[in-house]
Structures are given as C-alpha cells and as structure tokens.
$ cat query.csv   # CSV, C-alpha atoms
chain,number,residue,atom,x,y,z
A,8,MET,CA,13.2,25.8,11.7
A,9,SER,CA,14.0,24.8,15.3
A,10,ASP,CA,14.3,21.2,16.3
A,11,GLU,CA,11.2,21.3,18.4
A,12,SER,CA,9.1,22.4,15.4
A,13,LEU,CA,10.2,19.3,13.5
A,14,PRO,CA,8.5,15.8,13.9
A,15,GLN,CA,9.9,14.1,17.0
A,16,SER,CA,10.9,10.4,16.9
A,17,ASP,CA,10.1,10.2,20.7
A,18,GLN,CA,6.5,11.3,20.2
A,19,ILE,CA,3.6,9.2,19.1
A,20,ASP,CA,1.4,10.7,16.4
A,21,GLY,CA,-1.7,12.1,17.9
A,22,ALA,CA,-0.4,12.1,21.4
A,23,PRO,CA,1.2,14.7,23.6
A,24,HIS,CA,5.0,14.6,23.9
A,25,PRO,CA,6.1,12.6,27.0
A,26,ARG,CA,7.4,15.8,28.7
A,27,GLU,CA,3.8,17.1,28.6
A,28,THR,CA,2.4,14.2,30.6
A,29,LEU,CA,0.9,15.8,33.8
A,30,GLN,CA,0.3,12.5,35.7
A,31,LEU,CA,1.8,9.1,35.2
A,32,PHE,CA,-0.8,6.3,35.7
A,33,GLY,CA,-0.2,2.7,36.7
A,34,GLN,CA,3.5,3.0,37.5
A,35,ASP,CA,3.5,3.7,41.2
A,36,ALA,CA,5.9,0.8,41.9
A,37,ALA,CA,8.5,2.1,39.5
A,38,GLN,CA,8.3,5.7,40.8
A,39,GLN,CA,8.5,4.5,44.4
A,40,GLY,CA,11.5,2.3,43.5
A,41,PHE,CA,13.5,5.2,42.1
A,42,LEU,CA,12.5,7.5,45.0
A,43,GLU,CA,13.7,5.0,47.6
A,44,VAL,CA,17.1,4.7,45.9
A,45,PHE,CA,17.4,8.5,45.7
A,46,ASN,CA,16.4,9.0,49.4
A,47,ALA,CA,18.9,6.3,50.5
A,48,GLY,CA,21.7,8.2,48.7
A,49,ARG,CA,22.4,5.4,46.3
A,50,LEU,CA,21.5,7.1,43.1
A,51,HIS,CA,23.0,5.2,40.2
A,52,HIS,CA,24.5,7.1,37.3
A,53,GLY,CA,22.8,4.9,34.6
A,54,TRP,CA,19.2,3.7,34.6
A,55,LEU,CA,17.6,1.3,32.2
A,56,LEU,CA,13.8,1.9,31.9
A,57,THR,CA,12.3,-1.3,30.4
A,58,GLY,CA,8.9,-2.7,29.6
A,59,PRO,CA,6.6,-3.0,26.6
A,60,ARG,CA,6.4,0.0,24.2
A,61,GLY,CA,3.9,2.8,25.1
A,62,ILE,CA,3.4,2.1,28.8
A,63,GLY,CA,4.9,5.3,30.2
A,64,LYS,CA,8.7,4.7,30.1
A,65,ALA,CA,9.4,8.0,28.4
A,66,SER,CA,6.9,9.9,30.6
A,67,LEU,CA,8.7,8.5,33.7
A,68,ALA,CA,12.1,9.5,32.3
A,69,TRP,CA,10.9,13.1,31.9
A,70,GLN,CA,9.4,13.1,35.3
A,71,ILE,CA,12.7,11.8,36.8
A,72,ALA,CA,14.6,14.5,34.9
A,73,ARG,CA,12.4,17.3,36.3
A,74,PHE,CA,12.8,15.8,39.8
A,75,LEU,CA,16.6,15.4,39.7
A,76,ILE,CA,17.3,18.9,38.2
A,77,ALA,CA,14.8,20.6,40.6
A,78,THR,CA,15.6,18.8,43.8
A,79,PRO,CA,18.7,20.1,45.7
A,80,LYS,CA,21.3,17.6,46.8
A,81,GLU,CA,21.8,17.0,50.6
A,82,ASP,CA,25.2,18.6,50.5
A,83,ASP,CA,23.6,21.8,49.1
A,84,ALA,CA,21.9,22.4,52.5
A,85,GLY,CA,21.7,26.0,53.6
A,86,LEU,CA,21.6,27.6,57.0
A,87,PHE,CA,18.5,25.6,58.0
A,88,GLY,CA,20.0,22.2,57.3
A,89,ALA,CA,19.1,19.6,54.8
A,90,PRO,CA,15.5,19.7,53.4
A,91,PRO,CA,13.2,16.8,54.2
A,92,LYS,CA,13.4,13.8,52.0
A,93,PRO,CA,11.0,14.0,49.1
A,94,THR,CA,8.0,11.7,49.1
A,95,SER,CA,7.1,12.0,45.4
A,96,LEU,CA,8.8,12.6,42.1
A,97,ALA,CA,6.2,15.2,41.2
A,98,ILE,CA,7.4,18.7,40.7
A,99,ASP,CA,5.2,21.8,40.8
A,100,LEU,CA,4.4,22.7,37.2
A,101,GLU,CA,5.2,26.3,38.0
A,102,HIS,CA,8.7,25.5,39.2
A,103,PRO,CA,11.3,27.2,37.0
A,104,VAL,CA,12.8,23.8,36.1
A,105,ALA,CA,9.4,22.4,35.0
A,106,ARG,CA,8.7,25.5,33.0
A,107,ARG,CA,12.1,25.4,31.3
A,108,ILE,CA,11.7,21.7,30.4
A,109,GLN,CA,8.2,22.3,29.1
A,110,ALA,CA,9.7,25.1,26.9
A,111,GLY,CA,12.6,23.0,25.8
A,112,SER,CA,15.1,25.4,27.3
A,113,GLU,CA,16.5,23.6,30.3
A,114,PRO,CA,20.3,23.6,30.1
A,115,GLY,CA,20.7,20.7,32.4
A,116,LEU,CA,18.8,18.2,30.2
A,117,VAL,CA,19.6,16.8,26.8
A,118,THR,CA,17.8,14.1,24.7
A,119,ILE,CA,19.4,11.6,22.3
A,120,LYS,CA,17.0,10.2,19.7
A,121,ARG,CA,16.7,9.4,16.0
A,122,PRO,CA,17.0,12.7,14.1
A,123,TYR,CA,14.5,13.8,11.4
A,124,ASP,CA,15.9,14.2,7.9
A,125,GLU,CA,14.3,17.2,6.3
A,126,LYS,CA,15.4,16.1,2.8
A,127,THR,CA,13.7,12.7,2.9
A,128,LYS,CA,11.0,13.8,5.4
A,129,LYS,CA,11.7,10.7,7.4
A,130,PHE,CA,13.3,9.8,10.6
A,131,LYS,CA,16.8,8.2,10.3
A,132,ALA,CA,16.7,4.5,10.9
A,133,GLN,CA,19.2,4.6,13.8
A,134,ILE,CA,20.7,6.7,16.4
A,135,THR,CA,24.2,7.3,15.1
A,136,VAL,CA,27.5,8.1,16.9
A,137,ASP,CA,27.2,11.7,15.9
A,138,GLU,CA,24.1,12.1,18.1
A,139,VAL,CA,26.0,10.7,21.1
A,140,ARG,CA,29.0,12.9,20.4
A,141,ARG,CA,26.8,15.9,21.0
A,142,LEU,CA,27.0,15.1,24.6
A,143,LYS,CA,30.7,16.3,24.6
A,144,ASN,CA,29.5,19.9,24.3
A,145,PHE,CA,26.7,19.3,26.8
A,146,PHE,CA,29.2,18.0,29.5
A,147,ALA,CA,31.7,20.8,28.7
A,148,LEU,CA,29.1,23.3,30.0
A,149,SER,CA,28.5,23.8,33.7
A,150,ALA,CA,25.1,22.6,34.8
A,151,ALA,CA,22.7,25.4,35.8
A,152,ASP,CA,23.5,26.6,39.4
A,153,GLY,CA,25.9,23.7,39.8
A,154,GLY,CA,22.9,21.3,39.8
A,155,HIS,CA,22.2,17.9,38.3
A,156,ARG,CA,22.4,17.0,34.6
A,157,VAL,CA,20.3,14.4,32.9
A,158,VAL,CA,20.5,12.6,29.6
A,159,ILE,CA,17.5,10.8,28.1
A,160,VAL,CA,18.1,8.2,25.4
A,161,ASP,CA,14.9,7.4,23.6
A,162,ALA,CA,15.1,4.7,22.6
A,163,ALA,CA,18.4,3.0,23.4
A,164,ASP,CA,17.4,0.1,21.2
A,165,ASP,CA,17.8,2.4,18.2
A,166,MET,CA,21.5,3.0,18.7
A,167,ASN,CA,23.9,1.5,16.1
A,168,THR,CA,27.0,-0.2,17.2
A,169,SER,CA,29.2,2.9,17.1
A,170,ALA,CA,26.7,4.9,19.1
A,171,ALA,CA,26.3,2.2,21.7
A,172,ASN,CA,30.0,1.9,22.2
A,173,ALA,CA,30.3,5.7,22.5
A,174,LEU,CA,27.5,5.7,25.2
A,175,LEU,CA,29.2,2.8,26.9
A,176,LYS,CA,32.3,4.9,27.5
A,177,LEU,CA,30.1,7.5,29.3
A,178,LEU,CA,28.6,4.8,31.5
A,179,GLU,CA,32.1,3.5,32.3
A,180,GLU,CA,33.4,7.0,33.3
A,181,PRO,CA,30.2,9.0,34.0
A,182,PRO,CA,30.6,12.8,34.4
A,183,ALA,CA,29.9,14.1,37.9
A,184,ASP,CA,26.3,14.9,38.9
A,185,THR,CA,24.9,13.3,35.8
A,186,THR,CA,22.3,10.6,35.3
A,187,LEU,CA,21.7,8.8,32.1
A,188,LEU,CA,18.2,7.5,31.5
A,189,LEU,CA,18.0,4.8,28.8
A,190,ILE,CA,14.6,3.9,27.5
A,191,SER,CA,14.5,0.3,26.1
A,192,HIS,CA,11.6,-1.7,24.7
A,193,GLN,CA,13.8,-4.7,24.0
A,194,PRO,CA,16.8,-4.6,26.4
A,195,SER,CA,18.0,-7.9,25.0
A,196,ARG,CA,19.1,-6.0,21.9
A,197,LEU,CA,21.5,-3.8,23.9
A,198,LEU,CA,25.1,-4.5,24.6
A,199,PRO,CA,25.5,-6.7,27.7
A,200,THR,CA,28.1,-4.3,29.0
A,201,ILE,CA,25.5,-1.4,28.8
A,202,ARG,CA,22.9,-3.4,30.6
A,203,SER,CA,25.4,-4.4,33.3
A,204,ARG,CA,26.3,-0.8,34.0
A,205,CYS,CA,22.7,0.4,34.4
A,206,ARG,CA,20.2,-0.2,37.2
A,207,GLU,CA,17.0,-1.5,35.7
A,208,LEU,CA,13.6,0.0,36.4
A,209,ARG,CA,10.9,-2.2,34.9
A,210,LEU,CA,7.5,-0.8,34.1
A,211,ALA,CA,4.3,-3.0,33.8
A,212,PRO,CA,1.4,-2.8,31.3
A,213,LEU,CA,-1.5,-0.7,32.6
A,214,SER,CA,-4.6,-2.1,34.1
A,215,PRO,CA,-7.9,-1.3,32.3
A,216,SER,CA,-8.8,1.5,34.8
A,217,ASP,CA,-5.3,3.1,34.5
A,218,MET,CA,-5.5,2.7,30.8
A,219,ALA,CA,-8.8,4.6,30.7
A,220,ALA,CA,-7.4,7.4,32.9
A,221,ALA,CA,-4.2,7.7,30.8
A,222,LEU,CA,-6.2,7.8,27.5
A,223,GLU,CA,-8.5,10.5,29.0
A,224,GLN,CA,-5.5,12.6,29.9
A,225,ALA,CA,-3.9,12.1,26.4
A,226,ASP,CA,-7.1,12.9,24.5
A,227,PRO,CA,-9.8,14.5,26.8
A,228,GLY,CA,-13.4,13.9,25.9
A,229,GLU,CA,-12.7,10.7,23.8
A,230,VAL,CA,-14.2,7.5,25.2
A,231,ALA,CA,-12.0,4.5,24.5
A,232,PRO,CA,-14.0,1.4,23.4
A,233,PRO,CA,-13.2,-1.7,25.4
A,234,GLU,CA,-11.7,-3.5,22.4
A,235,LEU,CA,-9.1,-0.7,22.1
A,236,ALA,CA,-7.7,-1.4,25.6
A,237,GLU,CA,-7.8,-5.2,24.8
A,238,LEU,CA,-5.9,-4.8,21.5
A,239,SER,CA,-3.3,-2.5,23.0
A,240,GLY,CA,-2.2,-4.9,25.8
A,241,GLY,CA,-2.0,-2.3,28.5
A,242,SER,CA,0.0,0.1,26.3
A,243,VAL,CA,-1.3,3.7,26.1
A,244,GLY,CA,1.0,4.4,23.2
A,245,GLU,CA,-0.3,1.4,21.3
A,246,ALA,CA,-3.9,2.3,22.0
A,247,ILE,CA,-3.3,5.8,20.6
A,248,ARG,CA,-1.7,4.4,17.5
A,249,LEU,CA,-4.5,1.9,17.0
A,250,ALA,CA,-7.2,4.6,17.5
A,251,HIS,CA,-5.6,6.9,14.9
A,252,SER,CA,-5.1,4.1,12.4
A,253,GLY,CA,-8.6,2.6,12.7
A,254,GLY,CA,-7.1,-0.4,14.4
A,255,PRO,CA,-10.2,-1.9,16.0
A,256,ALA,CA,-12.2,-1.8,12.8
A,257,LEU,CA,-9.3,-3.3,10.9
A,258,TYR,CA,-8.9,-6.1,13.4
A,259,ALA,CA,-12.6,-6.8,13.2
A,260,GLN,CA,-12.1,-7.2,9.4
A,261,LEU,CA,-9.3,-9.7,9.9
A,262,VAL,CA,-11.3,-11.7,12.5
A,263,ALA,CA,-14.2,-11.9,10.0
A,264,LEU,CA,-11.8,-13.0,7.3
A,265,PHE,CA,-10.3,-15.7,9.5
A,266,ALA,CA,-13.7,-16.9,10.5
A,267,GLY,CA,-14.0,-18.4,7.1
A,268,MET,CA,-10.9,-20.6,7.4
A,269,PRO,CA,-10.0,-22.8,5.8
A,270,ARG,CA,-12.0,-21.3,3.0
A,271,PRO,CA,-11.7,-17.6,3.5
A,272,ASP,CA,-13.5,-15.0,1.5
A,273,ARG,CA,-11.0,-14.2,-1.3
A,274,GLN,CA,-12.6,-10.9,-2.1
A,275,ALA,CA,-12.3,-9.8,1.6
A,276,ALA,CA,-8.7,-10.8,1.5
A,277,MET,CA,-8.1,-8.8,-1.6
A,278,THR,CA,-9.8,-5.8,0.0
A,279,ILE,CA,-7.4,-5.9,3.0
A,280,ALA,CA,-4.4,-6.4,0.7
A,281,GLU,CA,-5.4,-3.4,-1.5
A,282,TYR,CA,-5.8,-1.3,1.6
A,283,ALA,CA,-2.2,-2.1,2.6
A,284,ALA,CA,-0.9,-1.2,-0.9
A,285,GLN,CA,-2.4,2.3,-1.3
A,286,PRO,CA,0.2,4.8,-2.4
A,287,GLY,CA,1.5,7.1,0.3
A,288,GLN,CA,0.3,4.9,3.1
A,289,SER,CA,3.4,2.8,3.9
A,290,ASP,CA,2.4,2.5,7.6
A,291,ARG,CA,-0.7,0.5,6.7
A,292,LEU,CA,1.2,-2.6,6.0
A,293,ASP,CA,2.8,-2.5,9.4
A,294,HIS,CA,-0.6,-2.0,11.0
A,295,ILE,CA,-2.0,-5.0,9.2
A,296,LEU,CA,0.9,-7.3,9.9
A,297,ASN,CA,1.0,-6.2,13.6
A,298,LEU,CA,-2.7,-7.0,14.0
A,299,ILE,CA,-2.2,-10.4,12.3
A,300,ASP,CA,0.6,-11.1,14.8
A,301,LEU,CA,-1.7,-10.1,17.6
A,302,PHE,CA,-4.5,-12.4,16.3
A,303,LEU,CA,-2.1,-15.3,16.2
A,304,LEU,CA,-0.9,-14.6,19.7
A,305,ARG,CA,-4.4,-14.6,21.0
A,306,LEU,CA,-5.1,-17.7,19.0
A,307,VAL,CA,-2.1,-19.5,20.6
A,308,ARG,CA,-3.1,-18.4,24.1
A,309,ALA,CA,-6.7,-19.5,23.6
A,310,GLY,CA,-5.6,-22.9,22.3
A,311,ALA,CA,-3.0,-23.5,25.0
A,312,THR,CA,-5.4,-22.6,27.9
A,313,GLY,CA,-8.6,-23.8,26.4
A,314,GLN,CA,-10.2,-20.5,27.5
A,315,PRO,CA,-11.5,-17.7,25.4
A,316,PRO,CA,-10.2,-14.1,26.1
A,317,LEU,CA,-12.0,-12.4,28.9
A,318,VAL,CA,-12.8,-9.5,26.6
A,319,GLU,CA,-13.4,-9.9,22.9
A,320,ALA,CA,-11.3,-7.5,20.7
A,321,ALA,CA,-13.8,-7.9,17.8
A,322,PRO,CA,-17.3,-9.4,17.3
A,323,ASN,CA,-17.3,-13.2,17.2
A,324,GLU,CA,-13.6,-13.4,18.1
A,325,ALA,CA,-14.0,-16.0,20.8
A,326,ASN,CA,-15.8,-18.4,18.4
A,327,VAL,CA,-13.1,-17.9,15.8
A,328,LEU,CA,-10.3,-18.6,18.2
A,329,ALA,CA,-12.1,-21.8,19.5
A,330,GLN,CA,-12.7,-23.0,15.9
A,331,LEU,CA,-9.1,-22.6,14.8
A,332,ALA,CA,-7.4,-23.9,18.0
A,333,ARG,CA,-9.4,-26.7,19.4
A,334,ALA,CA,-6.5,-28.4,21.3
A,335,PRO,CA,-3.1,-27.6,22.8
A,336,ALA,CA,-1.5,-29.3,19.8
A,337,HIS,CA,-3.1,-26.8,17.6
A,338,ALA,CA,-1.7,-24.0,19.8
A,339,ARG,CA,1.8,-25.3,19.2
A,340,ALA,CA,1.2,-25.4,15.5
A,341,TRP,CA,-0.1,-21.9,15.4
A,342,ALA,CA,2.9,-20.7,17.5
A,343,ASP,CA,5.2,-22.2,14.8
A,344,VAL,CA,3.2,-20.5,12.1
A,345,ALA,CA,3.3,-17.1,13.9
A,346,GLN,CA,7.1,-17.3,14.1
A,347,GLU,CA,7.4,-18.2,10.5
A,348,ILE,CA,5.0,-15.5,9.3
A,349,SER,CA,6.9,-12.9,11.4
A,350,ALA,CA,10.2,-13.9,9.8
A,351,ARG,CA,8.7,-13.9,6.3
A,352,SER,CA,7.2,-10.5,6.9
A,353,ARG,CA,10.5,-9.0,8.1
A,354,HIS,CA,12.2,-10.4,5.0
A,355,GLY,CA,9.4,-9.2,2.7
A,356,LYS,CA,9.6,-5.6,4.0
A,357,SER,CA,13.4,-5.6,3.8
A,358,VAL,CA,13.4,-6.5,0.1
A,359,ASN,CA,10.4,-4.1,-0.6
A,360,LEU,CA,8.0,-6.8,-1.6
A,361,ASP,CA,4.7,-5.5,-2.9
A,362,PRO,CA,2.5,-4.9,0.3
A,363,ALA,CA,-0.5,-6.5,-1.3
A,364,ALA,CA,1.5,-9.6,-2.2
A,365,LEU,CA,2.9,-9.8,1.3
A,366,VAL,CA,-0.5,-9.6,3.0
A,367,LEU,CA,-2.0,-12.2,0.6
A,368,ASP,CA,1.0,-14.5,1.2
A,369,THR,CA,0.4,-14.2,5.0
A,370,VAL,CA,-3.3,-15.0,4.6
A,371,TRP,CA,-2.7,-18.0,2.4
A,372,LYS,CA,-0.1,-19.3,4.9
A,373,ILE,CA,-2.8,-19.1,7.6
A,374,GLN,CA,-5.2,-20.8,5.3
A,375,ASN,CA,-2.8,-23.7,4.6
A,376,THR,CA,-2.3,-24.2,8.3
A,377,ALA,CA,-6.1,-24.2,9.0
A,378,GLN,CA,-6.6,-26.8,6.3
A,379,ARG,CA,-3.9,-29.0,7.9
A,380,LEU,CA,-5.4,-28.8,11.3
A,381,THR,CA,-9.0,-29.4,10.1

$ encode --input "query.csv" --output "structure tokens"
Amino acid sequence: MSDESLPQSDQIDGAPHPRETLQLFGQDAAQQGFLEVFNAGRLHHGWLLTGPRGIGKASLAWQIARFLIATPKEDDAGLFGAPPKPTSLAIDLEHPVARRIQAGSEPGLVTIKRPYDEKTKKFKAQITVDEVRRLKNFFALSAADGGHRVVIVDAADDMNTSAANALLKLLEEPPADTTLLLISHQPSRLLPTIRSRCRELRLAPLSPSDMAAALEQADPGEVAPPELAELSGGSVGEAIRLAHSGGPALYAQLVALFAGMPRPDRQAAMTIAEYAAQPGQSDRLDHILNLIDLFLLRLVRAGATGQPPLVEAAPNEANVLAQLARAPAHARAWADVAQEISARSRHGKSVNLDPAALVLDTVWKIQNTAQRLT
C-alpha cells in the first residue's frame, strides 16, 4: 500500500487534500507578501506560516511549492534574457510541475508530517526525528533539472524535541536552492531558535464571503448555514470538521442546556454525556469539549462588551449569553472558569477519564458558577 493511499495527517476528513486546492480565498495579503520578497531577490530559506487552524496555511504552502519549483531563477536566463517577474503565485494546472505534485511524484518536494501506524490504525502522536532524518536522502539527490527544492512541515507544532533539533540544524545550514515551509497553528510552542531562523507569514481568518467561496470549492453544491461560519471563526477547516460532525446541531443542544442555568435539565445533560461516551466514537468527546470552550469564549466576549454576537450560532444564543453574563465582572468570572475547565479537560483525557463523567463534570462546573453569579 502506497503512502498516498493511507490516511493523511495533513488532510481534514471530508475535505480535499491541500495540494488539490485550486484557488486560495482570503489570503491575498500573504500571497502578495511572499511574491514581493521573491521578486526582490530576498527569498528566505525558512518560512513560518502561522495563523488559526484551517484558514489555508497548508494550501498556501503547496501553492508556494508549485510556484518555486516551476519558476526559473533569474540566473537561469536563456538567450532572451531573464523572464518578466511573476505577478502571481498561481501556476497553470497543466504545467508539468503542477501535474507531478498533484500525482505525488514531484522529486523536488517532500513533506514531513505525523505518520500513520497501520497496526494501531491511528496517526502517531508526534513527528519524530526519524521523519526529519528522511530529508538526508532527499537532499542527497539532485533536484530535477537543477531547480528548487521545497520541504513542507505540517504541522511544525507536532515535532518532538529531537525532531525539532534536527530540523533546526537544517535551518542553521540550509542546503542550496532549498526552501523550508513550516506550518504552525501555535508558533509559541516552537523552539525560539526555530522561530528566529524563519521569516513569518501570518494568515488571517476568512471573511464570511471568502468562507462561503472556500466551502463551495471544497464541497460543491453544499450550502453552508450561517451558524457554521460563525462557529468556525473564519476557519474553513474547522467549518468542514463541524459540518461532518454535526457541530451546529450539537452546539444548539448545548445552548439549550445552558439556557436552564443554574438549574439545567439533567436528562438533557445525560443525553449529551452518553453521546460522548458511545463506543468507537472517541472524537465525539473532543467535539463536545471544543464546543463548550467556544460557548464560554462567546460568553466572555458578550459579557465584556455588553453586546450580543452579530450572528447567533444557535437559536436563542444571544438571550442565553445575556442571561449568564450580565456585567463585565461576570465576564471575568467566566474567563477564569473557562481556563479551569480547559485544564481539567486536558487532565481528564490524559488519564482516560470516562467521557460521560468528564462531560458531566464540566456541566456541573458551569452550573456551580451560574449559581454563584445569580
């Protein structure tokens, strides 16, 4: 079985692989920023693509890879002199480089990511040093036609300490004609020395119109409800995850549950807890805890500003937020609770606490806070 036929840790379930993205929406500034540096002849060997998860960082990395490998260098000018400076990162999809990359056969490109373990049927938790050491063979080979070589690390946040140190050596002594593109959702988790040796290219969350266009491209014919864009926070990747996991409906259930605070419907709480604990559905717990985190974030924001969200992510959400956070002091209290719940959730998952018990514990913590603020 080839690597491409296995599940890929750099691909969101239900979405095309980033290399298949035909058009990148909402990231014109990042694209133009890279192009200006390239045209000025100041191309850095290491780039750190940062921003929230799912907003197009990987798609941009693949776009840059196609561009760099397909675009001749100025010192490669032929009889007719140097070609005009490019005005876009886009490459004709019929270009040989684009076709090879699409087929996974481009010799000038390699990706570093969490591998899939066929025995456990799961992705490994981290990128290990063995994955980075594969680059030794890659660099030992001559790039096709003496051209550019590109390494995509997705995501750099997943590297363990040994892998990070091995990659740092490459950034300190980069091979000629090579660009390393590091995708990072949380750059603060990276070694400071890695960050200092990379040029940062920060991407922004998508606007509602760009979000709609990106979702249409990822899943043609599907109309995204407004609450999906609101819940995803401008992240196409998160919107796809939510859509395939029933996120909007589950969030509506949570809002309905919290509407009863400080005396929530215990049967409704048990229903949500049992949903999280169903066998073979380990990702459901993460979905529920993430949506609770999101509710608390929106609660804090509403309390601090005194304004409801511009778009409700669930029926009656604005009233529930106003009811639970009636003053800035309440917002501060909910912010503390959100931080505590997040820490308790991480600990509970690390010790394999029963998912139903973890969900109920979270609900009761929110109940206790609501009683205290009443």

$ residues_around --input "query.csv" --residues "stretch 237-250 of chain A" --least-positions-apart "4" --cutoff "8 Å" --atoms "all atoms listed in the file" --output "list of chain:residue names"
A:Ile19, A:Asp20, A:Gly21, A:Ala22, A:Pro59, A:Arg60, A:Gly61, A:Ile62, A:Gly63, A:Pro212, A:Leu213, A:Ser214, A:Pro215, A:Met218, A:Ala221, A:Leu222, A:Pro233, A:Gly254, A:Pro255, A:Leu301, A:Val318, A:Glu319, A:Ala320

$ atom_distance --input "query.csv" --atom1 "atom CA of A:Lys80" --atom2 "atom CA of A:Ala110"
24.2 Å

$ closest_residue --input "query.csv" --among "A:Ser95, A:Ser203, A:Gln15, A:Gln260" --to "A:Lys128" --atoms "only C-alpha atoms"
A:Gln15

$ residues_near_point --input "query.csv" --point "(16.2, 6.6, 14.5)" --cutoff "8 Å" --atoms "all atoms listed in the file" --output "PyMOL selection string"
chain A and resi 16+120-122+130-134+165-166

$ residues_around --input "query.csv" --residues "A:Leu198" --least-positions-apart "2" --cutoff "12 Å" --atoms "only C-alpha atoms" --output "PDB file with C-alpha atoms, keeping the file's coordinate frame"
ATOM      1  CA  ALA A 163      18.400   3.000  23.400  1.00  0.00           C
ATOM      2  CA  ASP A 164      17.400   0.100  21.200  1.00  0.00           C
ATOM      3  CA  ASP A 165      17.800   2.400  18.200  1.00  0.00           C
ATOM      4  CA  MET A 166      21.500   3.000  18.700  1.00  0.00           C
ATOM      5  CA  ASN A 167      23.900   1.500  16.100  1.00  0.00           C
ATOM      6  CA  THR A 168      27.000  -0.200  17.200  1.00  0.00           C
ATOM      7  CA  SER A 169      29.200   2.900  17.100  1.00  0.00           C
ATOM      8  CA  ALA A 170      26.700   4.900  19.100  1.00  0.00           C
ATOM      9  CA  ALA A 171      26.300   2.200  21.700  1.00  0.00           C
ATOM     10  CA  ASN A 172      30.000   1.900  22.200  1.00  0.00           C
ATOM     11  CA  ALA A 173      30.300   5.700  22.500  1.00  0.00           C
ATOM     12  CA  LEU A 174      27.500   5.700  25.200  1.00  0.00           C
ATOM     13  CA  LEU A 175      29.200   2.800  26.900  1.00  0.00           C
ATOM     14  CA  SER A 191      14.500   0.300  26.100  1.00  0.00           C
ATOM     15  CA  GLN A 193      13.800  -4.700  24.000  1.00  0.00           C
ATOM     16  CA  PRO A 194      16.800  -4.600  26.400  1.00  0.00           C
ATOM     17  CA  SER A 195      18.000  -7.900  25.000  1.00  0.00           C
ATOM     18  CA  ARG A 196      19.100  -6.000  21.900  1.00  0.00           C
ATOM     19  CA  THR A 200      28.100  -4.300  29.000  1.00  0.00           C
ATOM     20  CA  ILE A 201      25.500  -1.400  28.800  1.00  0.00           C
ATOM     21  CA  ARG A 202      22.900  -3.400  30.600  1.00  0.00           C
ATOM     22  CA  SER A 203      25.400  -4.400  33.300  1.00  0.00           C
ATOM     23  CA  ARG A 204      26.300  -0.800  34.000  1.00  0.00           C
ATOM     24  CA  CYS A 205      22.700   0.400  34.400  1.00  0.00           C
TER      25      CYS A 205
END

$ residues_around --input "query.csv" --residues "A:Ile295" --least-positions-apart "4" --cutoff "10 Å" --atoms "only C-alpha atoms" --output "MDAnalysis selection string"
chainID A and resid 254 257:258 261 279:280 282:283 290:291 299:301 362 366

$ atom_distance --input "query.csv" --atom1 "atom CA of A:His192" --atom2 "atom CA of A:Ala162"
7.6 Å

$ atom_distance --input "query.csv" --atom1 "atom CA of A:Ala338" --atom2 "atom CA of A:Ala311"
5.4 Å

$ residues_around --input "query.csv" --residues "A:Arg107" --least-positions-apart "6" --cutoff "12 Å" --atoms "all atoms listed in the file" --output "VMD selection string"
chain A and resid 26 72 to 73 76 to 77 100 to 101 113 to 116 151

$ residues_around --input "query.csv" --residues "stretch 141-143 of chain A" --least-positions-apart "2" --cutoff "10 Å" --atoms "all atoms listed in the file" --output "PyMOL selection string"
chain A and resi 117-119+136-139+145-148+158+174+177

$ closest_residue --input "query.csv" --among "A:Leu292, A:Met268, A:Ile108, A:Val44" --to "A:Thr376" --atoms "all atoms listed in the file"
A:Met268

$ closest_residue --input "query.csv" --among "A:Ala336, A:Asp184, A:Pro25, A:Glu324" --to "A:Leu50" --atoms "all atoms listed in the file"
A:Asp184

$ closest_residue --input "query.csv" --among "A:Arg156, A:Phe74, A:Ser112, A:Thr381" --to "A:Pro269" --atoms "all atoms listed in the file"
A:Thr381

$ closest_residue --input "query.csv" --among "A:Pro23, A:Leu178, A:Pro316, A:Pro199" --to "A:Glu223" --atoms "only C-alpha atoms"
A:Pro23

$ closest_residue --input "query.csv" --among "A:Lys129, A:His51, A:Ala284, A:Ala377" --to "A:Asn359" --atoms "all atoms listed in the file"
A:Ala284

$ decode --input "query.csv" --residues "stretch 91-102 of chain A" --atoms "C-alpha atoms" --output "short mmCIF file (atom, residue, chain, number, x, y, z; two decimals), in the first residue's frame"
data_model
loop_
_atom_site.label_atom_id
_atom_site.label_comp_id
_atom_site.auth_asym_id
_atom_site.auth_seq_id
_atom_site.Cartn_x
_atom_site.Cartn_y
_atom_site.Cartn_z
CA PRO A 91 9.50 39.03 -16.52
CA LYS A 92 8.91 38.99 -12.80
CA PRO A 93 5.86 36.91 -11.87
CA THR A 94 2.76 38.75 -10.75
CA SER A 95 1.04 35.76 -9.12
CA LEU A 96 1.89 32.55 -7.28
CA ALA A 97 -0.60 30.67 -9.44
CA ILE A 98 0.80 28.03 -11.78
CA ASP A 99 -1.05 26.57 -14.77
CA LEU A 100 -2.55 23.29 -13.61
CA GLU A 101 -1.31 21.69 -16.84
CA HIS A 102 2.28 22.66 -16.05
#
